[in-house]
$ cat final_6.txt   # compact mmCIF, C-alpha atoms
# COMPACT_ATOMS: atom_id res chain seq x y z
CA MET A 202 111.02 75.58 108.63
CA ALA A 203 107.88 74.13 110.11
CA VAL A 204 105.40 76.03 112.17
CA HIS A 205 104.51 74.41 115.49
CA SER A 206 101.59 72.06 115.15
CA GLY A 207 99.87 73.64 118.15
CA VAL A 208 99.55 77.02 116.43
CA LYS A 209 96.01 77.82 115.37
CA GLY A 210 95.95 78.82 111.74
CA LYS A 211 94.31 81.90 110.35
CA LEU A 212 92.22 82.37 107.26
CA ILE A 213 92.93 83.55 103.74
CA GLY A 214 90.44 86.18 102.58
CA VAL A 215 89.47 86.63 98.93
CA ILE A 216 88.00 89.64 97.15
CA GLY A 217 87.46 88.80 93.54
CA ASP A 218 85.17 87.94 90.69
CA GLU A 219 83.01 84.85 90.76
CA ASP A 220 85.51 82.52 89.12
CA THR A 221 88.34 83.54 91.45
CA CYS A 222 86.17 83.05 94.53
CA VAL A 223 84.79 79.70 93.33
CA GLY A 224 88.31 78.49 92.55
CA PHE A 225 89.76 79.40 95.92
CA LEU A 226 86.74 78.05 97.79
CA LEU A 227 87.18 74.83 95.84
CA GLY A 228 90.76 74.86 97.13
CA GLY A 229 89.34 74.74 100.68
CA ILE A 230 89.77 78.19 102.18
CA GLY A 231 86.10 79.11 102.65
CA GLU A 232 84.66 79.67 106.09
CA ILE A 233 81.80 81.54 107.72
CA ASN A 234 82.61 82.68 111.24
CA LYS A 235 80.38 82.83 114.29
CA SER A 236 79.11 86.28 113.30
CA ARG A 237 78.04 84.77 109.95
CA GLN A 238 80.70 86.74 108.08
CA PRO A 239 82.31 84.94 105.14
CA ASN A 240 86.01 85.31 104.33
CA PHE A 241 85.31 86.08 100.68
CA MET A 242 83.51 88.68 98.61
CA VAL A 243 82.23 88.13 95.11
CA VAL A 244 82.54 91.34 93.13
CA ASP A 245 80.20 91.68 90.17
CA LYS A 246 79.09 94.55 87.97
CA ASN A 247 76.56 95.66 90.60
CA SER A 248 79.15 95.96 93.41
CA SER A 249 80.00 99.54 94.26
CA VAL A 250 83.46 100.83 95.15
CA SER A 251 82.31 101.71 98.68
CA GLU A 252 81.11 98.13 99.22
CA ILE A 253 84.46 96.75 98.13
CA GLU A 254 86.32 99.24 100.30
CA ASP A 255 84.15 98.42 103.31
CA CYS A 256 84.77 94.72 102.78
CA PHE A 257 88.52 95.28 102.50
CA LYS A 258 88.56 97.38 105.68
CA ASN A 259 86.47 94.75 107.43
CA PHE A 260 88.93 92.01 106.42
CA VAL A 261 91.82 94.14 107.69
CA LYS A 262 90.04 94.74 111.00
CA ARG A 263 89.15 91.08 111.52
CA GLY A 264 91.72 89.27 113.59
CA ASP A 265 91.23 85.89 111.95
CA ILE A 266 92.53 86.78 108.47
CA ASP A 267 96.27 86.75 107.74
CA ILE A 268 96.36 87.04 103.96
CA ILE A 269 93.98 88.94 101.67
CA LEU A 270 93.93 87.97 98.00
CA ILE A 271 92.45 90.56 95.72
CA ASN A 272 92.08 90.72 91.94
CA GLN A 273 94.33 93.43 90.56
CA ASN A 274 91.53 95.13 88.62
CA ILE A 275 89.48 95.35 91.83
CA ALA A 276 92.54 96.54 93.76
CA GLU A 277 92.80 99.39 91.27
CA MET A 278 89.33 100.55 92.35
CA ILE A 279 90.39 100.86 95.99
CA ARG A 280 94.06 101.70 95.40
CA HIS A 281 94.05 104.47 98.01
CA ALA A 282 92.90 102.03 100.71
CA ILE A 283 95.52 99.45 99.73
CA ASP A 284 98.32 102.03 99.60
CA ASN A 285 97.35 103.25 103.06
CA HIS A 286 97.55 99.72 104.43
CA LEU A 287 101.16 99.64 105.64
CA VAL A 288 100.96 97.17 108.53
CA PRO A 289 102.32 93.70 107.70
CA ILE A 290 99.22 91.84 108.88
CA PRO A 291 97.16 90.98 106.95
CA ALA A 292 99.38 90.67 103.89
CA VAL A 293 97.62 91.92 100.76
CA LEU A 294 98.42 90.09 97.55
CA GLU A 295 97.25 91.18 94.12
CA ILE A 296 96.38 88.38 91.75
CA PRO A 297 95.27 88.34 88.11
CA SER A 298 91.67 87.70 87.18
CA LYS A 299 90.17 85.88 84.21
CA ASP A 300 89.77 89.06 82.17
CA HIS A 301 92.66 91.15 83.44
CA PRO A 302 96.24 89.82 83.32
CA TYR A 303 98.69 90.76 86.06
CA ASP A 304 100.56 94.03 85.60
CA PRO A 305 103.68 94.35 87.83
CA THR A 306 103.77 98.13 87.40
CA LYS A 307 100.43 98.43 89.25
CA ASP A 308 101.36 96.16 92.17
CA SER A 309 101.57 98.14 95.43
CA ILE A 310 104.58 96.28 96.89
CA LEU A 311 106.58 96.54 93.66
CA ARG A 312 105.77 100.24 93.44
CA ARG A 313 107.06 100.66 96.98
CA ALA A 314 110.20 98.73 96.03
CA LYS A 315 110.65 100.98 93.00
CA GLY A 316 110.50 103.94 95.39
CA MET A 317 113.73 102.69 96.99
CA PHE A 318 115.61 103.91 93.96
CA ASN A 319 113.72 107.17 93.60
CA VAL A 320 115.80 110.15 94.75
CA GLU A 321 112.79 112.47 94.86
CA ASP A 322 111.41 110.64 97.92
CA TYR A 323 114.34 111.74 100.05
CA ARG A 324 114.17 115.47 99.25
CA MET B 1295 123.10 100.58 114.95
CA THR B 1296 125.13 103.69 114.25
CA GLY B 1297 128.57 103.09 112.81
CA THR B 1298 130.75 104.96 110.41
CA LEU B 1299 129.46 106.26 107.07
CA ALA B 1300 131.27 103.44 105.27
CA ASP B 1301 129.43 100.86 107.38
CA LEU B 1302 126.16 102.58 106.66
CA CYS B 1303 126.82 102.59 102.93
CA GLU B 1304 127.83 98.94 103.03
CA GLU B 1305 124.61 98.06 104.85
CA LEU B 1306 122.58 100.02 102.28
CA ASP B 1307 124.30 98.19 99.43
CA ARG B 1308 123.55 94.86 101.06
CA LEU B 1309 119.88 95.83 101.44
CA VAL B 1310 119.62 96.87 97.79
CA ILE B 1311 121.03 93.53 96.65
CA GLN B 1312 118.69 91.69 98.99
CA ALA B 1313 115.73 93.71 97.67
CA LEU B 1314 116.64 92.88 94.08
CA ILE B 1315 116.88 89.17 94.91
CA LEU B 1316 113.48 89.31 96.64
CA ILE B 1317 111.86 91.21 93.75
CA THR B 1318 113.14 88.56 91.33
CA ARG B 1319 111.81 85.78 93.56
CA PHE B 1320 108.46 87.59 93.86
CA LEU B 1321 108.13 88.00 90.10
CA GLN B 1322 109.06 84.35 89.51
CA SER B 1323 106.36 83.27 91.95
CA GLN B 1324 103.93 85.65 90.27
CA GLN B 1325 104.69 84.02 86.92
CA GLN B 1326 104.05 80.59 88.46
CA LEU B 1327 100.81 81.93 89.92
CA ASN B 1328 99.73 83.28 86.51
CA THR B 1329 100.26 79.88 84.90
CA LEU B 1330 98.38 78.03 87.63
CA ILE B 1331 95.46 80.45 87.73
CA LYS B 1332 95.18 80.30 83.93
CA ASP B 1333 95.04 76.49 84.05
CA GLY B 1334 92.55 76.66 86.91
CA PHE B 1335 90.21 78.97 84.99
CA LEU B 1336 90.55 76.85 81.87
CA ASN B 1337 89.63 73.70 83.78
CA MET B 1338 86.73 75.52 85.41
CA SER B 1339 85.45 76.56 81.98
CA LYS B 1340 85.78 72.96 80.75
CA ALA B 1341 83.83 71.77 83.78
CA ARG B 1342 81.13 74.36 83.03
CA TYR B 1343 80.97 73.11 79.45
CA CYS B 1344 80.57 69.50 80.65
CA MET B 1345 78.23 70.06 83.59
CA GLY B 1346 76.35 73.17 82.55
CA SER B 1347 77.14 76.77 83.41
CA HIS B 1348 74.65 76.93 86.30
CA ARG B 1349 76.24 73.89 87.98
CA VAL B 1350 79.58 75.57 88.64
CA SER B 1351 78.79 78.89 90.27
CA ILE B 1352 79.08 80.61 93.62
CA LEU B 1353 75.45 79.70 94.31
CA GLN B 1354 76.46 76.05 94.65
CA VAL B 1355 78.84 76.86 97.49
CA ASP B 1356 77.48 75.64 100.80
CA LEU B 1357 79.54 76.82 103.75
CA GLN B 1358 77.01 76.10 106.48
CA GLU B 1359 78.85 75.04 109.65
CA SER B 1360 81.99 74.15 107.76
CA VAL B 1361 85.49 75.23 108.66
CA ALA B 1362 88.29 76.18 106.32
CA GLN B 1363 90.42 73.20 105.34
CA LYS B 1364 93.41 75.31 104.45
CA VAL B 1365 94.61 77.96 106.86
CA VAL B 1366 97.86 79.84 107.28
CA ALA B 1367 100.18 80.16 110.22
CA TYR B 1368 103.24 82.33 110.54
CA HIS B 1369 106.35 82.62 112.61
CA GLU B 1370 108.45 85.72 112.99
CA VAL B 1371 111.98 85.61 111.65
CA HIS B 1372 114.61 87.98 112.96
CA SER B 1373 117.73 88.08 110.83
CA ASN B 1374 120.21 90.84 109.88
CA ASN B 1375 118.25 93.51 111.79
CA LEU B 1376 115.14 92.59 109.81
CA LEU B 1377 111.90 91.35 111.29
CA PHE B 1378 109.52 89.63 108.91
CA ARG B 1379 106.92 86.90 108.84
CA GLN B 1380 107.28 83.48 107.27
CA TYR B 1381 103.88 82.06 106.33
CA GLU B 1382 103.05 78.42 106.00
CA LEU B 1383 99.94 76.68 104.70
CA ILE B 1384 98.49 74.15 107.06
CA SER B 1385 95.65 71.73 106.62
CA ASP B 1386 93.29 72.51 109.47
CA THR B 1387 91.39 69.22 109.42
CA LEU B 1388 94.51 67.10 109.59
CA GLY B 1389 96.67 69.52 111.57
CA GLU B 1390 99.52 68.81 109.19
CA THR B 1391 101.78 71.12 107.27
CA GLU B 1392 101.09 71.24 103.55
CA ASP B 1393 103.93 70.55 101.20
CA THR B 1394 104.16 70.61 97.43
CA THR B 1395 104.83 66.88 97.37
CA THR B 1396 101.62 66.00 99.24
CA LEU B 1397 99.56 67.43 96.42
CA LYS B 1398 100.61 64.70 94.02
CA SER B 1399 97.76 62.23 93.80
CA GLY B 1400 100.11 59.28 93.25
CA GLU B 1401 101.76 59.68 96.63
CA ARG B 1402 98.42 59.95 98.38
CA SER B 1403 97.32 56.60 97.00
CA VAL B 1404 100.60 54.99 98.11
CA THR B 1405 100.09 56.08 101.71
CA LYS B 1406 96.56 54.73 101.67
CA VAL B 1407 97.72 51.33 100.38
CA ARG B 1408 100.43 51.19 103.03
CA LYS B 1409 97.91 51.77 105.79
CA ARG B 1410 95.66 49.03 104.44
CA GLN B 1411 98.55 46.55 104.28
CA LYS B 1412 99.47 47.31 107.88
CA GLN B 1413 95.90 46.61 108.97
CA GLU B 1414 95.89 43.31 107.08
CA LYS B 1415 99.21 42.33 108.64
CA SER B 1416 97.96 42.99 112.13
CA ILE B 1417 94.86 40.92 111.48
CA LYS B 1418 97.00 38.03 110.13
CA GLU B 1419 99.25 38.12 113.19
CA THR B 1420 96.29 37.81 115.50
CA ARG B 1421 94.98 34.86 113.52
CA ILE B 1422 98.28 32.95 113.66
CA THR B 1423 98.45 32.67 117.42
CA GLU B 1424 96.17 29.68 117.87
CA ASN B 1425 96.48 29.46 121.63
CA GLU B 1426 94.94 32.86 122.02
CA VAL B 1427 92.13 32.26 119.58
CA ALA B 1428 89.52 31.86 122.25
CA SER B 1429 90.43 35.17 123.85
CA THR B 1430 91.03 37.19 120.65
CA VAL B 1431 87.93 36.18 118.66
CA PRO B 1432 85.42 37.99 120.85
CA GLU B 1433 87.72 41.04 120.92
CA LEU B 1434 88.05 40.99 117.15
CA LEU B 1435 84.31 40.64 116.74
CA GLU B 1436 83.81 43.64 118.97
CA SER B 1437 86.57 45.77 117.47
CA GLN B 1438 85.79 45.16 113.78
CA PRO B 1439 82.29 46.65 113.76
CA LYS B 1440 83.65 49.64 115.73
CA SER B 1441 86.45 50.19 113.24
CA LEU B 1442 83.98 49.84 110.39
CA GLU B 1443 81.74 52.41 112.02
CA ASN B 1444 84.69 54.73 112.57
CA SER B 1445 85.79 54.41 108.96
CA LYS B 1446 82.24 55.11 107.81
CA VAL B 1447 82.09 58.23 109.99
CA ASN B 1448 85.50 59.38 108.71
CA ARG B 1449 84.47 58.77 105.13
CA LYS B 1450 81.24 60.70 105.71
CA LYS B 1451 83.25 63.56 107.20
CA ASP B 1452 85.59 63.54 104.21
CA ILE B 1453 82.66 63.69 101.82
CA GLU B 1454 81.12 66.56 103.74
CA GLN B 1455 84.36 68.46 103.89
CA ASP B 1456 85.40 68.00 100.28
CA PRO B 1457 84.37 71.20 98.48
CA LEU B 1458 84.01 69.22 95.25
CA LYS B 1459 80.82 67.72 96.67
CA TRP B 1460 79.11 71.11 96.51
CA PHE B 1461 78.98 70.65 92.78
CA GLY B 1462 77.55 67.15 92.78
CA VAL B 1463 78.58 63.59 93.54
CA LEU B 1464 79.88 62.74 90.09
CA VAL B 1465 81.78 65.84 89.10
CA SER B 1466 83.77 66.14 85.91
CA ARG B 1467 87.47 65.40 85.81
CA SER B 1468 88.14 69.01 84.79
CA LEU B 1469 86.68 70.29 88.06
CA GLN B 1470 88.99 67.95 89.99
CA HIS B 1471 91.94 69.32 88.02
CA CYS B 1472 90.69 72.82 88.73
CA GLN B 1473 90.68 72.03 92.46
CA GLN B 1474 94.24 70.72 92.25
CA ASN B 1475 95.32 73.88 90.39
CA PHE B 1476 93.87 76.11 93.08
CA GLN B 1477 95.37 74.01 95.88
CA GLN B 1478 98.80 74.43 94.30
CA LEU B 1479 98.00 78.09 93.84
CA LEU B 1480 97.48 78.43 97.59
CA LEU B 1481 101.01 77.16 98.21
CA VAL B 1482 102.44 79.69 95.76
CA THR B 1483 100.34 82.44 97.33
CA VAL B 1484 101.62 81.70 100.80
CA ASP B 1485 105.19 81.67 99.50
CA MET B 1486 104.58 85.04 97.87
CA ALA B 1487 103.16 86.46 101.09
CA SER B 1488 106.39 85.45 102.88
CA THR B 1489 108.52 87.07 100.17
CA GLN B 1490 106.37 90.19 100.30
CA SER B 1491 106.75 90.42 104.07
CA GLU B 1492 110.54 90.14 103.79
CA LEU B 1493 110.65 92.68 100.97
CA SER B 1494 108.54 95.07 102.98
CA ALA B 1495 110.94 94.76 105.93
CA VAL B 1496 113.93 95.40 103.63
CA ILE B 1497 112.27 98.52 102.16
CA SER B 1498 111.48 99.93 105.62
CA ARG B 1499 115.03 99.32 106.84
CA PHE B 1500 116.51 100.82 103.68
CA ARG B 1501 114.38 103.95 104.06
CA SER B 1502 115.31 104.47 107.70
CA LEU B 1503 119.02 103.99 106.98
CA SER B 1504 118.86 106.33 103.97
CA MET B 1505 117.29 109.02 106.13
CA GLU B 1506 120.02 108.46 108.71
CA LYS B 1507 122.65 108.84 106.00
CA ILE B 1508 121.13 112.09 104.67
CA HIS B 1509 120.80 113.71 108.11

$ encode --input "final_6.txt" --output "structure tokens"
Amino acid sequence: MAVHSGVKGKLIGVIGDEDTCVGFLLGGIGEINKSRQPNFMVVDKNSSVSEIEDCFKNFVKRGDIDIILINQNIAEMIRHAIDNHLVPIPAVLEIPSKDHPYDPTKDSILRRAKGMFNVEDYR
Amino acid sequence: MTGTLADLCEELDRLVIQALILITRFLQSQQQLNTLIKDGFLNMSKARYCMGSHRVSILQVDLQESVAQKVVAYHEVHSNNLLFRQYELISDTLGETEDTTTLKSGERSVTKVRKRQKQEKSIKETRITENEVASTVPELLESQPKSLENSKVNRKKDIEQDPLKWFGVLVSRSLQHCQQNFQQLLLVTVDMASTQSELSAVISRFRSLSMEKIH
């Protein structure tokens, strides 16, 4: 199914380590908006959890981002914020990083899906 | 939608099966994503080895006044009492929908050759009509420099917009492969976002119906 050509597309945001951000920017998703805010955040050893959380909340608040890609090890740092994000837009996807392989048991959507079969939730 | 208990149970069963199908699809896409991202990182490391570690870093990225080449658009799908979003990757500069087949470099070159042949044909046709030579020659002389200028401008735009150029004019082949890996990765990502949206809708519906069944 094709989306109408007249529809204005929205951005993909990235929160990740340097290699992840460089890779996706190389793919052509990078943009700096009129307020000089980029759609990516490079997380290094000096980045604090509050900075990452603020960036995530800022991406959620921005109207021009539809999908947020976040490294799973960084998502673990702000798990509470990701679990509280229940609205469908923007969609938050957890991706592996260079040092940390993907673990399906930590993924927020798969944990929610697992909850479908958990009887305790309905008591 | 309030029917009998049997209807409710049947609907719940259908949702569970749908959820399982979607989880499988999500995990398959995730596996594909893992492979692509691994290849992408490997090619990036090779490029760093060839070009020097400082040449391939975030500091080389220059996003001044540039717009994203790849953006996403969505349309809402309403089926079986479920409302979810179907995402699609679009190329903002061309205004065309991305497809997995367009990423193959071979097909790109074919389309370019076709365009060039068409241009040559049109030029030949204008040359053949001898009676109209006097009228067409000045037009051709005027139009050719314009088209050349346009092509130069387009080529310049392409060079400016190609993120590979941030890392130099003659970049290593590995970096080009890395770019291809991440472009394919974007397609997988968008597909996963669609699956996730549908799965999320199924979970919400299942929860509401389960509550209805309990109470």

$ interface_residues --input "final_6.txt" --of "chain B" --to "chain A" --cutoff "8 Å" --atoms "all atoms listed in the file" --output "JSON, numbers by chain"
{"B": [1313, 1317, 1328, 1331, 1332, 1334, 1335, 1338, 1351, 1352, 1355, 1357, 1358, 1359, 1360, 1361, 1362, 1363, 1364, 1365, 1366, 1367, 1368, 1369, 1382, 1384, 1386, 1389, 1390, 1391, 1456, 1457, 1458, 1472, 1473, 1474, 1476, 1477, 1480, 1483, 1486, 1487, 1490, 1491, 1493, 1494, 1497, 1500, 1501, 1505]}

$ residues_around --input "final_6.txt" --residues "B:Lys1340" --least-positions-apart "5" --cutoff "9 Å" --atoms "all atoms listed in the file" --output "number ranges by chain"
B: 1335, 1345, 1466, 1468-1469

$ closest_residue --input "final_6.txt" --among "A:Cys256, A:Val250, A:Ile216, A:Val261" --to "A:Met278" --atoms "all atoms listed in the file"
A:Val250

$ atom_distance --input "final_6.txt" --atom1 "atom CA of B:Phe1378" --atom2 "atom CA of B:Glu1492"
5.2 Å

$ atom_distance --input "final_6.txt" --atom1 "atom CA of B:Tyr1343" --atom2 "atom CA of B:Thr1329"
21.2 Å

$ atom_distance --input "final_6.txt" --atom1 "atom CA of A:His281" --atom2 "atom CA of A:Val244"
18.1 Å

$ closest_residue --input "final_6.txt" --among "B:Phe1320, B:Gly1346, B:Asp1356, B:Leu1330" --to "B:Lys1459" --atoms "only C-alpha atoms"
B:Asp1356

$ closest_residue --input "final_6.txt" --among "A:His301, A:Gly217, A:Asn285, A:Ile279" --to "A:Ser251" --atoms "only C-alpha atoms"
A:Ile279
